[in-house]
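K.L.:
Contents are PDB, C-alpha atoms, pLDDT in the B column; file name upload_15.pdb:
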ATOM      1  CA  GLY A   1      21.637 -21.204  34.670  1.00 67.00           C
ATOM      2  CA  GLU A   2      19.254 -24.088  34.133  1.00 76.00           C
ATOM      3  CA  GLY A   3      16.385 -22.032  32.739  1.00 80.00           C
ATOM      4  CA  ASP A   4      15.602 -21.423  29.082  1.00 85.00           C
ATOM      5  CA  VAL A   5      15.279 -17.759  28.202  1.00 88.00           C
ATOM      6  CA  LEU A   6      14.247 -18.474  24.606  1.00 91.00           C
ATOM      7  CA  ARG A   7      13.051 -21.691  23.020  1.00 89.00           C
ATOM      8  CA  ASP A   8      11.228 -22.956  19.931  1.00 86.00           C
ATOM      9  CA  ILE A   9      11.902 -19.828  17.898  1.00 90.00           C
ATOM     10  CA  SER A  10      12.176 -19.919  14.112  1.00 91.00           C
ATOM     11  CA  LEU A  11      11.642 -16.688  12.231  1.00 91.00           C
ATOM     12  CA  ASP A  12      12.346 -15.591   8.660  1.00 92.00           C
ATOM     13  CA  VAL A  13      12.688 -11.947   7.648  1.00 92.00           C
ATOM     14  CA  ALA A  14      12.873 -11.053   3.958  1.00 90.00           C
ATOM     15  CA  ARG A  15      14.862  -8.226   2.455  1.00 87.00           C
ATOM     16  CA  GLY A  16      12.671  -5.147   2.280  1.00 87.00           C
ATOM     17  CA  GLU A  17      10.412  -6.463   5.028  1.00 91.00           C
ATOM     18  CA  PHE A  18       9.438  -4.802   8.301  1.00 91.00           C
ATOM     19  CA  VAL A  19       8.747  -7.259  11.135  1.00 94.00           C
ATOM     20  CA  THR A  20       7.551  -6.257  14.619  1.00 93.00           C
ATOM     21  CA  LEU A  21       8.241  -8.342  17.722  1.00 95.00           C
ATOM     22  CA  LEU A  22       5.304  -7.891  20.077  1.00 93.00           C
ATOM     23  CA  GLY A  23       4.668  -9.159  23.603  1.00 91.00           C
ATOM     24  CA  ALA A  24       4.722  -8.327  27.286  1.00 89.00           C
ATOM     25  CA  SER A  25       7.879  -7.250  29.121  1.00 87.00           C
ATOM     26  CA  GLY A  26      10.250 -10.132  29.789  1.00 88.00           C
ATOM     27  CA  CYS A  27       8.957 -12.364  27.005  1.00 90.00           C
ATOM     28  CA  GLY A  28      12.260 -12.480  25.075  1.00 91.00           C
ATOM     29  CA  LYS A  29      11.901  -9.797  22.397  1.00 92.00           C
ATOM     30  CA  THR A  30      15.022  -7.805  23.264  1.00 91.00           C
ATOM     31  CA  THR A  31      17.063 -10.952  23.900  1.00 92.00           C
ATOM     32  CA  THR A  32      16.143 -12.104  20.392  1.00 92.00           C
ATOM     33  CA  LEU A  33      17.442  -8.819  18.970  1.00 91.00           C
ATOM     34  CA  ARG A  34      20.640  -9.144  21.006  1.00 90.00           C
ATOM     35  CA  ILE A  35      21.244 -12.621  19.583  1.00 89.00           C
ATOM     36  CA  ILE A  36      20.686 -11.421  16.015  1.00 88.00           C
ATOM     37  CA  SER A  37      23.070  -8.508  16.603  1.00 86.00           C
ATOM     38  CA  GLY A  38      25.742 -10.660  18.242  1.00 83.00           C
ATOM     39  CA  LEU A  39      25.533  -9.063  21.686  1.00 84.00           C
ATOM     40  CA  GLU A  40      24.374 -12.414  23.105  1.00 85.00           C
ATOM     41  CA  THR A  41      25.407 -15.933  22.059  1.00 83.00           C
ATOM     42  CA  PRO A  42      22.751 -18.656  22.035  1.00 84.00           C
ATOM     43  CA  ASP A  43      23.498 -22.084  23.512  1.00 85.00           C
ATOM     44  CA  GLU A  44      21.777 -23.654  20.529  1.00 86.00           C
ATOM     45  CA  GLY A  45      20.629 -22.473  17.142  1.00 87.00           C
ATOM     46  CA  THR A  46      21.994 -20.239  14.416  1.00 87.00           C
ATOM     47  CA  VAL A  47      21.386 -16.872  12.817  1.00 88.00           C
ATOM     48  CA  LEU A  48      21.504 -17.090   9.039  1.00 89.00           C
ATOM     49  CA  LEU A  49      21.842 -14.185   6.628  1.00 87.00           C
ATOM     50  CA  ASP A  50      21.455 -15.114   2.956  1.00 84.00           C
ATOM     51  CA  GLY A  51      22.305 -18.679   3.979  1.00 85.00           C
ATOM     52  CA  ARG A  52      25.477 -17.649   5.815  1.00 84.00           C
ATOM     53  CA  ASP A  53      25.813 -18.599   9.471  1.00 85.00           C
ATOM     54  CA  VAL A  54      26.691 -15.331  11.195  1.00 81.00           C
ATOM     55  CA  THR A  55      26.233 -16.650  14.742  1.00 76.00           C
ATOM     56  CA  ALA A  56      29.956 -17.129  15.238  1.00 75.00           C
ATOM     57  CA  LEU A  57      30.986 -13.748  13.847  1.00 77.00           C
ATOM     58  CA  PRO A  58      32.028 -11.000  16.271  1.00 72.00           C
ATOM     59  CA  PRO A  59      29.443  -8.180  16.437  1.00 65.00           C
ATOM     60  CA  GLU A  60      31.597  -5.698  14.520  1.00 68.00           C
ATOM     61  CA  ARG A  61      31.707  -8.046  11.517  1.00 74.00           C
ATOM     62  CA  ARG A  62      28.000  -8.726  11.314  1.00 78.00           C
ATOM     63  CA  PRO A  63      26.077  -6.806   8.606  1.00 87.00           C
ATOM     64  CA  VAL A  64      23.576  -5.906  11.320  1.00 89.00           C
ATOM     65  CA  ASN A  65      23.165  -2.688  13.303  1.00 89.00           C
ATOM     66  CA  THR A  66      20.985  -1.773  16.272  1.00 88.00           C
ATOM     67  CA  VAL A  67      19.183   1.365  17.410  1.00 88.00           C
ATOM     68  CA  PHE A  68      18.453   1.159  21.117  1.00 86.00           C
ATOM     69  CA  GLN A  69      15.671   2.622  23.241  1.00 80.00           C
ATOM     70  CA  SER A  70      18.036   5.136  24.851  1.00 79.00           C
ATOM     71  CA  TYR A  71      19.621   7.592  22.453  1.00 76.00           C
ATOM     72  CA  ALA A  72      23.154   6.279  23.145  1.00 81.00           C
ATOM     73  CA  LEU A  73      24.976   9.170  21.506  1.00 89.00           C
ATOM     74  CA  PHE A  74      28.634   9.839  22.214  1.00 90.00           C
ATOM     75  CA  PRO A  75      28.374  12.892  24.485  1.00 88.00           C
ATOM     76  CA  HIS A  76      31.750  14.435  23.655  1.00 89.00           C
ATOM     77  CA  MET A  77      31.281  14.242  19.885  1.00 92.00           C
ATOM     78  CA  ASN A  78      29.486  16.604  17.576  1.00 95.00           C
ATOM     79  CA  VAL A  79      26.734  15.578  15.152  1.00 95.00           C
ATOM     80  CA  GLU A  80      29.105  14.758  12.302  1.00 96.00           C
ATOM     81  CA  LYS A  81      31.484  12.689  14.432  1.00 95.00           C
ATOM     82  CA  ASN A  82      28.631  10.684  15.921  1.00 94.00           C
ATOM     83  CA  VAL A  83      27.407   9.650  12.475  1.00 95.00           C
ATOM     84  CA  ALA A  84      30.920   9.016  11.136  1.00 95.00           C
ATOM     85  CA  TYR A  85      32.112   7.024  14.153  1.00 93.00           C
ATOM     86  CA  GLY A  86      31.492   3.567  12.668  1.00 90.00           C
ATOM     87  CA  LEU A  87      33.143   4.520   9.390  1.00 91.00           C
ATOM     88  CA  ARG A  88      36.283   5.704  11.143  1.00 92.00           C
ATOM     89  CA  VAL A  89      36.402   2.681  13.447  1.00 89.00           C
ATOM     90  CA  ASN A  90      36.224   0.485  10.348  1.00 86.00           C
ATOM     91  CA  GLY A  91      39.294   2.222   8.968  1.00 88.00           C
ATOM     92  CA  GLU A  92      37.866   4.764   6.528  1.00 88.00           C
ATOM     93  CA  ARG A  93      40.275   7.712   6.221  1.00 91.00           C
ATOM     94  CA  ASP A  94      38.964   9.533   3.148  1.00 93.00           C
ATOM     95  CA  GLU A  95      37.369  12.622   4.726  1.00 93.00           C
ATOM     96  CA  SER A  96      35.555  13.554   1.514  1.00 94.00           C
ATOM     97  CA  LEU A  97      33.955  10.127   1.336  1.00 95.00           C
ATOM     98  CA  ILE A  98      33.087  10.324   5.052  1.00 94.00           C
ATOM     99  CA  ALA A  99      31.414  13.706   4.554  1.00 95.00           C
ATOM    100  CA  ASP A 100      29.349  12.344   1.663  1.00 95.00           C
ATOM    101  CA  LYS A 101      28.358   9.279   3.663  1.00 94.00           C
ATOM    102  CA  VAL A 102      27.368  11.404   6.678  1.00 95.00           C
ATOM    103  CA  GLU A 103      25.076  13.556   4.546  1.00 95.00           C
ATOM    104  CA  GLU A 104      23.588  10.525   2.809  1.00 93.00           C
ATOM    105  CA  SER A 105      22.905   8.798   6.142  1.00 92.00           C
ATOM    106  CA  LEU A 106      21.328  11.889   7.643  1.00 92.00           C
ATOM    107  CA  ARG A 107      19.064  12.199   4.610  1.00 89.00           C
ATOM    108  CA  ARG A 108      18.056   8.530   4.838  1.00 86.00           C
ATOM    109  CA  ALA A 109      17.176   9.088   8.497  1.00 86.00           C
ATOM    110  CA  ALA A 110      15.068  12.135   7.538  1.00 84.00           C
ATOM    111  CA  ILE A 111      17.027  14.604   9.652  1.00 88.00           C
ATOM    112  CA  PHE A 112      19.559  16.289   7.335  1.00 92.00           C
ATOM    113  CA  GLU A 113      17.567  19.488   6.776  1.00 91.00           C
ATOM    114  CA  GLU A 114      17.206  19.940  10.538  1.00 91.00           C
ATOM    115  CA  VAL A 115      20.904  19.534  11.384  1.00 94.00           C
ATOM    116  CA  LYS A 116      22.800  20.598   8.249  1.00 93.00           C
ATOM    117  CA  ASP A 117      23.863  23.849   9.951  1.00 94.00           C
ATOM    118  CA  ARG A 118      24.644  22.086  13.259  1.00 94.00           C
ATOM    119  CA  LEU A 119      27.016  19.335  12.123  1.00 95.00           C
ATOM    120  CA  HIS A 120      29.844  20.670  14.258  1.00 95.00           C
ATOM    121  CA  THR A 121      27.831  21.361  17.403  1.00 93.00           C
ATOM    122  CA  SER A 122      27.145  18.970  20.250  1.00 92.00           C
ATOM    123  CA  ALA A 123      24.751  16.147  19.395  1.00 92.00           C
ATOM    124  CA  LEU A 124      23.287  16.515  22.883  1.00 91.00           C
ATOM    125  CA  GLY A 125      21.868  19.891  21.880  1.00 91.00           C
ATOM    126  CA  LEU A 126      19.304  18.199  19.654  1.00 90.00           C
ATOM    127  CA  SER A 127      15.779  17.290  20.748  1.00 88.00           C
ATOM    128  CA  GLY A 128      14.953  13.736  21.782  1.00 85.00           C
ATOM    129  CA  GLY A 129      13.389  12.869  18.451  1.00 84.00           C
ATOM    130  CA  GLN A 130      16.327  14.352  16.576  1.00 89.00           C
ATOM    131  CA  GLN A 131      18.814  12.443  18.726  1.00 90.00           C
ATOM    132  CA  GLN A 132      17.037   9.171  17.977  1.00 87.00           C
ATOM    133  CA  ARG A 133      17.037   9.864  14.239  1.00 88.00           C
ATOM    134  CA  LEU A 134      20.725  10.735  14.555  1.00 92.00           C
ATOM    135  CA  CYS A 135      21.254   7.273  16.070  1.00 91.00           C
ATOM    136  CA  ILE A 136      19.439   5.805  13.071  1.00 89.00           C
ATOM    137  CA  ALA A 137      21.726   7.772  10.736  1.00 92.00           C
ATOM    138  CA  ARG A 138      24.783   6.483  12.602  1.00 92.00           C
ATOM    139  CA  ALA A 139      23.507   2.915  12.237  1.00 91.00           C
ATOM    140  CA  LEU A 140      22.907   3.402   8.505  1.00 91.00           C
ATOM    141  CA  ALA A 141      26.310   4.956   7.802  1.00 92.00           C
ATOM    142  CA  VAL A 142      28.060   1.572   7.840  1.00 90.00           C
ATOM    143  CA  GLU A 143      25.488   0.190   5.376  1.00 89.00           C
ATOM    144  CA  PRO A 144      23.999  -2.734   7.311  1.00 89.00           C
ATOM    145  CA  GLU A 145      21.821  -5.311   5.616  1.00 89.00           C
ATOM    146  CA  VAL A 146      19.627  -5.610   8.699  1.00 91.00           C
ATOM    147  CA  LEU A 147      18.482  -2.819  11.024  1.00 91.00           C
ATOM    148  CA  LEU A 148      17.285  -3.772  14.501  1.00 93.00           C
ATOM    149  CA  MET A 149      15.329  -1.282  16.618  1.00 89.00           C
ATOM    150  CA  ASP A 150      14.494  -1.764  20.299  1.00 90.00           C
ATOM    151  CA  GLU A 151      11.556   0.494  21.201  1.00 83.00           C
ATOM    152  CA  PRO A 152      13.067   3.456  19.328  1.00 78.00           C
ATOM    153  CA  ALA A 153      10.118   5.782  19.954  1.00 73.00           C
ATOM    154  CA  SER A 154       8.977   4.750  23.430  1.00 72.00           C
ATOM    155  CA  ALA A 155      10.098   7.998  25.073  1.00 66.00           C
ATOM    156  CA  LEU A 156       9.081  10.345  22.260  1.00 70.00           C
ATOM    157  CA  ASP A 157       6.056  12.540  21.643  1.00 74.00           C
ATOM    158  CA  PRO A 158       3.613  11.691  18.808  1.00 78.00           C
ATOM    159  CA  ILE A 159       5.164  14.136  16.325  1.00 76.00           C
ATOM    160  CA  ALA A 160       8.696  12.799  16.823  1.00 73.00           C
ATOM    161  CA  THR A 161       7.361   9.248  16.673  1.00 76.00           C
ATOM    162  CA  GLN A 162       5.630   9.994  13.367  1.00 79.00           C
ATOM    163  CA  ARG A 163       8.838  11.379  11.852  1.00 77.00           C
ATOM    164  CA  ILE A 164      10.782   8.292  12.901  1.00 75.00           C
ATOM    165  CA  GLU A 165       8.102   5.991  11.501  1.00 77.00           C
ATOM    166  CA  GLU A 166       8.064   7.907   8.214  1.00 77.00           C
ATOM    167  CA  GLY A 167      11.854   7.680   7.996  1.00 74.00           C
ATOM    168  CA  ILE A 168      11.804   3.951   8.716  1.00 76.00           C
ATOM    169  CA  HIS A 169       9.157   3.418   6.049  1.00 76.00           C
ATOM    170  CA  GLU A 170      11.447   5.013   3.451  1.00 75.00           C
ATOM    171  CA  LEU A 171      14.214   2.558   4.404  1.00 77.00           C
ATOM    172  CA  LYS A 172      12.151  -0.595   3.922  1.00 74.00           C
ATOM    173  CA  SER A 173      13.081  -1.135   0.306  1.00 75.00           C
ATOM    174  CA  GLN A 174      16.786  -1.012   1.129  1.00 78.00           C
ATOM    175  CA  LEU A 175      17.193  -3.415   4.041  1.00 88.00           C
ATOM    176  CA  SER A 176      15.405  -5.709   6.474  1.00 90.00           C
ATOM    177  CA  ILE A 177      14.024  -4.105   9.637  1.00 91.00           C
ATOM    178  CA  VAL A 178      13.081  -5.824  12.898  1.00 93.00           C
ATOM    179  CA  ILE A 179      11.586  -3.661  15.625  1.00 91.00           C
ATOM    180  CA  VAL A 180      10.580  -4.366  19.221  1.00 91.00           C
ATOM    181  CA  THR A 181       7.660  -2.328  20.484  1.00 86.00           C
ATOM    182  CA  HIS A 182       5.070  -2.394  23.252  1.00 82.00           C
ATOM    183  CA  SER A 183       2.776  -0.222  21.142  1.00 81.00           C
ATOM    184  CA  MET A 184       0.237  -2.294  19.258  1.00 84.00           C
ATOM    185  CA  GLN A 185      -0.827   0.875  17.441  1.00 83.00           C
ATOM    186  CA  GLN A 186       2.715   1.377  16.164  1.00 81.00           C
ATOM    187  CA  ALA A 187       2.976  -2.257  15.079  1.00 85.00           C
ATOM    188  CA  ALA A 188      -0.312  -1.957  13.191  1.00 86.00           C
ATOM    189  CA  ARG A 189       0.825   1.258  11.485  1.00 85.00           C
ATOM    190  CA  VAL A 190       4.245   0.308  10.241  1.00 83.00           C
ATOM    191  CA  SER A 191       4.981  -3.422  10.039  1.00 89.00           C
ATOM    192  CA  ASP A 192       4.395  -5.972   7.301  1.00 92.00           C
ATOM    193  CA  ARG A 193       4.350  -8.914   9.691  1.00 94.00           C
ATOM    194  CA  THR A 194       4.031  -9.195  13.464  1.00 95.00           C
ATOM    195  CA  ALA A 195       5.533 -11.902  15.673  1.00 95.00           C
ATOM    196  CA  PHE A 196       3.901 -12.452  19.063  1.00 95.00           C
ATOM    197  CA  PHE A 197       6.206 -13.651  21.862  1.00 94.00           C
ATOM    198  CA  TYR A 198       5.152 -15.072  25.232  1.00 92.00           C
ATOM    199  CA  MET A 199       7.377 -16.423  28.011  1.00 91.00           C
ATOM    200  CA  GLY A 200      10.379 -16.907  25.750  1.00 92.00           C
ATOM    201  CA  LYS A 201       8.495 -18.596  22.921  1.00 93.00           C
ATOM    202  CA  LEU A 202       7.371 -17.406  19.513  1.00 94.00           C
ATOM    203  CA  ILE A 203       3.639 -18.050  19.649  1.00 94.00           C
ATOM    204  CA  GLU A 204       2.532 -16.812  16.246  1.00 94.00           C
ATOM    205  CA  CYS A 205       3.875 -14.826  13.308  1.00 95.00           C
ATOM    206  CA  ASP A 206       1.713 -13.667  10.443  1.00 95.00           C
ATOM    207  CA  LEU A 207       0.729 -10.659   8.372  1.00 95.00           C
ATOM    208  CA  THR A 208       0.156  -7.744  10.716  1.00 94.00           C
ATOM    209  CA  GLU A 209      -3.398  -7.196   9.502  1.00 93.00           C
ATOM    210  CA  LYS A 210      -4.245 -10.841  10.208  1.00 94.00           C
ATOM    211  CA  ILE A 211      -2.616 -10.801  13.659  1.00 94.00           C
ATOM    212  CA  PHE A 212      -4.727  -7.820  14.655  1.00 93.00           C
ATOM    213  CA  THR A 213      -8.027  -8.860  13.064  1.00 92.00           C
ATOM    214  CA  ASN A 214      -8.058 -12.657  12.887  1.00 93.00           C
ATOM    215  CA  PRO A 215      -5.151 -14.328  14.738  1.00 92.00           C
ATOM    216  CA  SER A 216      -4.875 -18.099  14.457  1.00 93.00           C
ATOM    217  CA  LEU A 217      -4.353 -18.754  18.165  1.00 93.00           C
ATOM    218  CA  LYS A 218      -6.496 -17.733  21.126  1.00 92.00           C
ATOM    219  CA  GLN A 219      -3.370 -16.821  23.111  1.00 92.00           C
ATOM    220  CA  THR A 220      -2.531 -14.167  20.518  1.00 93.00           C
ATOM    221  CA  GLU A 221      -6.107 -12.912  20.459  1.00 92.00           C
ATOM    222  CA  ASP A 222      -6.128 -12.596  24.258  1.00 91.00           C
ATOM    223  CA  TYR A 223      -3.008 -10.428  24.173  1.00 91.00           C
ATOM    224  CA  ILE A 224      -4.194  -8.248  21.288  1.00 90.00           C
ATOM    225  CA  THR A 225      -7.549  -7.637  22.990  1.00 87.00           C
ATOM    226  CA  GLY A 226      -5.943  -6.887  26.361  1.00 83.00           C
ATOM    227  CA  ARG A 227      -7.204  -9.942  28.234  1.00 77.00           C
ATOM    228  CA  PHE A 228      -3.720 -10.682  29.529  1.00 68.00           C
ATOM    229  CA  GLY A 229      -0.141  -9.404  29.321  1.00 51.00           C
TER     230      GLY A 229
END
As structure tokens, what does this structure read like?
P.N.:
Amino acid sequence: GEGDVLRDISLDVARGEFVTLLGASGCGKTTTLRIISGLETPDEGTVLLDGRDVTALPPERRPVNTVFQSYALFPHMNVEKNVAYGLRVNGERDESLIADKVEESLRRAAIFEEVKDRLHTSALGLSGGQQQRLCIARALAVEPEVLLMDEPASALDPIATQRIEEGIHELKSQLSIVIVTHSMQQAARVSDRTAFFYMGKLIECDLTEKIFTNPSLKQTEDYITGRFG
């Protein structure tokens, strides 16, 4: 309608960098991810990757992949077919290459040793933390340049969350990662920079340590210290 959902947002993410989008519910974090991924189209503005405008590309052609809050596995597919789905949709028919890529992706998502004997069983038989790491493996199988994650550990216990965070940390050198989280502790643990959103605007973005210890704006400080939001 007439309202602006997002405005005045300009954000750079370097290769090998982990950036957290932080802010209260409804402030525009997930919408920003959806625009980067191509699931939403902005009325104004562009998304640039290495100087290329990818805003107009259909989602399946963007070198970007998303891991959502819900596990979003294909319920009638086994572990192997879930991970290989994107490869097969993109036309890959070499089953040997697919098998190698599935194993590689599972290793990158830090789950191969847990599922190597369960590749041909239902993916829904895995635990919640394993299912989420399987979603990460599926996202990695098509070799994206950017990985987006929307609260990937919000429904998981501390041990599963730690395993996901450790796996993500190993991926940092290979691609850019942008994550949405409501957990300030998680943002402080894992991200290089943190961007604070409020009411559809990017208020401040800086090194995570600075955001949490000495933010430039009082609005950011109020959120970090729990005075509002």
K.L.:
Quick one: which residues end up in the PyMOL selection byres ((chain A and resi 67-80) around 6) for this structure, as a PyMOL selection string?
P.N.:
chain A and resi 66+81-83+119-123+132+149-152
K.L.:
Considering all atoms listed in the file, return as number ranges by chain whatever protein or nucleic-acid residues lie within 10 Å of A:Ser183, sequence-local ones (same chain, fewer than 4 positions apart) excluded.
P.N.:
A: 22-23, 151, 153-154, 187-189
K.L.:
Save out the residues we just selected, C-alpha atoms, as a PDB file, in the coordinates of the input.
P.N.:
ATOM      1  CA  LEU A  22       5.304  -7.891  20.077  1.00 93.00           C
ATOM      2  CA  GLY A  23       4.668  -9.159  23.603  1.00 91.00           C
ATOM      3  CA  GLU A 151      11.556   0.494  21.201  1.00 83.00           C
ATOM      4  CA  ALA A 153      10.118   5.782  19.954  1.00 73.00           C
ATOM      5  CA  SER A 154       8.977   4.750  23.430  1.00 72.00           C
ATOM      6  CA  ALA A 187       2.976  -2.257  15.079  1.00 85.00           C
ATOM      7  CA  ALA A 188      -0.312  -1.957  13.191  1.00 86.00           C
ATOM      8  CA  ARG A 189       0.825   1.258  11.485  1.00 85.00           C
TER       9      ARG A 189
END
K.L.:
Restricting the calculation to only C-alpha atoms, which member of A:Met184, A:Leu217, A:Cys135, A:Leu49 is positioned closest to A:Ala24?
P.N.:
A:Met184
K.L.:
For the atom pair atom CA of A:Tyr85 and atom CA of A:Ala160, what is the interatomic distance in Å to one decimal place?
P.N.:
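So the answer is 24.3 Å.
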K.L.:
Rounded to one decimal, what separation in Å do you get between atom CA of A:Leu140 and atom CA of A:Glu166?
P.N.:
15.5 Å
K.L.:
Applied to the shown file, which residues does the PyMOL selection byres ((chain A and resi 173-177) around 12) return, written as number ranges by chain?
P.N.:
A: 12-21, 33, 36, 49-50, 63-67, 108, 136, 140, 143-150, 165, 167-172, 178-180, 190-194
K.L.:
What gap, in Å, lies between atom CA of A:Ala99 and atom CA of A:Ala141?
P.N.:
10.6 Å
K.L.:
Enumerate, as number ranges by chain, the protein, DNA and RNA residues whose atoms approach (7.0, -14.7, 22.6) to within 10 Å, taking into account all atoms listed in the file and the coordinate frame of the file.
P.N.:
A: 6-9, 21-29, 32, 195-205, 220
K.L.:
With distances taken over all atoms listed in the file, which of A:Ile211, A:Leu156, A:Val142, A:Ala137 is nearest to A:Arg62?
P.N.:
A:Val142
K.L.:
Would you give the centre and edge lengths, in Å to one decimal, of a box along x, y and z around the listed atoms of stretch 173-180 of chain A, with 6 Å added to each side, as AutoDock Vina command-line options?
P.N.:
--center_x 13.9 --center_y -3.4 --center_z 9.8 --size_x 18.6 --size_y 16.8 --size_z 30.9
K.L.:
Return stretch 86-102 of chain A, completed with N, CA, C and O atoms, as a JSON list (two decimals), keeping the file's coordinate frame.
P.N.:
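result22.json was written with the following content:
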[["chain", "number", "residue", "atom", "x", "y", "z"],
["A", 86, "GLY", "N", 31.32, 4.93, 13.16],
["A", 86, "GLY", "CA", 31.49, 3.57, 12.67],
["A", 86, "GLY", "C", 32.39, 3.50, 11.45],
["A", 86, "GLY", "O", 33.19, 2.56, 11.30],
["A", 87, "LEU", "N", 32.29, 4.49, 10.58],
["A", 87, "LEU", "CA", 33.14, 4.52, 9.39],
["A", 87, "LEU", "C", 34.61, 4.63, 9.78],
["A", 87, "LEU", "O", 35.47, 3.91, 9.24],
["A", 88, "ARG", "N", 34.89, 5.51, 10.73],
["A", 88, "ARG", "CA", 36.28, 5.70, 11.14],
["A", 88, "ARG", "C", 36.82, 4.50, 11.91],
["A", 88, "ARG", "O", 37.98, 4.12, 11.74],
["A", 89, "VAL", "N", 35.98, 3.89, 12.73],
["A", 89, "VAL", "CA", 36.40, 2.68, 13.45],
["A", 89, "VAL", "C", 36.73, 1.56, 12.46],
["A", 89, "VAL", "O", 37.66, 0.78, 12.67],
["A", 90, "ASN", "N", 35.98, 1.51, 11.36],
["A", 90, "ASN", "CA", 36.22, 0.48, 10.35],
["A", 90, "ASN", "C", 37.39, 0.82, 9.43],
["A", 90, "ASN", "O", 37.66, 0.08, 8.48],
["A", 91, "GLY", "N", 38.07, 1.93, 9.69],
["A", 91, "GLY", "CA", 39.29, 2.22, 8.97],
["A", 91, "GLY", "C", 39.18, 3.20, 7.83],
["A", 91, "GLY", "O", 40.17, 3.46, 7.13],
["A", 92, "GLU", "N", 38.01, 3.79, 7.62],
["A", 92, "GLU", "CA", 37.87, 4.76, 6.53],
["A", 92, "GLU", "C", 38.62, 6.04, 6.89],
["A", 92, "GLU", "O", 38.43, 6.62, 7.96],
["A", 93, "ARG", "N", 39.47, 6.51, 5.97],
["A", 93, "ARG", "CA", 40.28, 7.71, 6.22],
["A", 93, "ARG", "C", 40.03, 8.82, 5.20],
["A", 93, "ARG", "O", 40.56, 9.92, 5.34],
["A", 94, "ASP", "N", 39.25, 8.54, 4.18],
["A", 94, "ASP", "CA", 38.96, 9.53, 3.15],
["A", 94, "ASP", "C", 37.89, 10.48, 3.68],
["A", 94, "ASP", "O", 36.71, 10.15, 3.73],
["A", 95, "GLU", "N", 38.30, 11.69, 4.09],
["A", 95, "GLU", "CA", 37.37, 12.62, 4.73],
["A", 95, "GLU", "C", 36.28, 13.09, 3.77],
["A", 95, "GLU", "O", 35.15, 13.37, 4.19],
["A", 96, "SER", "N", 36.57, 13.17, 2.48],
["A", 96, "SER", "CA", 35.56, 13.55, 1.51],
["A", 96, "SER", "C", 34.48, 12.48, 1.42],
["A", 96, "SER", "O", 33.28, 12.78, 1.40],
["A", 97, "LEU", "N", 34.91, 11.23, 1.38],
["A", 97, "LEU", "CA", 33.96, 10.13, 1.34],
["A", 97, "LEU", "C", 33.13, 10.08, 2.62],
["A", 97, "LEU", "O", 31.92, 9.86, 2.58],
["A", 98, "ILE", "N", 33.79, 10.32, 3.76],
["A", 98, "ILE", "CA", 33.09, 10.32, 5.05],
["A", 98, "ILE", "C", 32.02, 11.41, 5.06],
["A", 98, "ILE", "O", 30.89, 11.20, 5.50],
["A", 99, "ALA", "N", 32.37, 12.60, 4.58],
["A", 99, "ALA", "CA", 31.41, 13.71, 4.55],
["A", 99, "ALA", "C", 30.20, 13.36, 3.69],
["A", 99, "ALA", "O", 29.06, 13.64, 4.06],
["A", 100, "ASP", "N", 30.45, 12.74, 2.54],
["A", 100, "ASP", "CA", 29.35, 12.34, 1.66],
["A", 100, "ASP", "C", 28.47, 11.30, 2.34],
["A", 100, "ASP", "O", 27.23, 11.35, 2.24],
["A", 101, "LYS", "N", 29.11, 10.34, 3.01],
["A", 101, "LYS", "CA", 28.36, 9.28, 3.66],
["A", 101, "LYS", "C", 27.55, 9.82, 4.85],
["A", 101, "LYS", "O", 26.42, 9.37, 5.10],
["A", 102, "VAL", "N", 28.10, 10.79, 5.57],
["A", 102, "VAL", "CA", 27.37, 11.40, 6.68],
["A", 102, "VAL", "C", 26.11, 12.08, 6.17],
["A", 102, "VAL", "O", 25.01, 11.90, 6.72]]
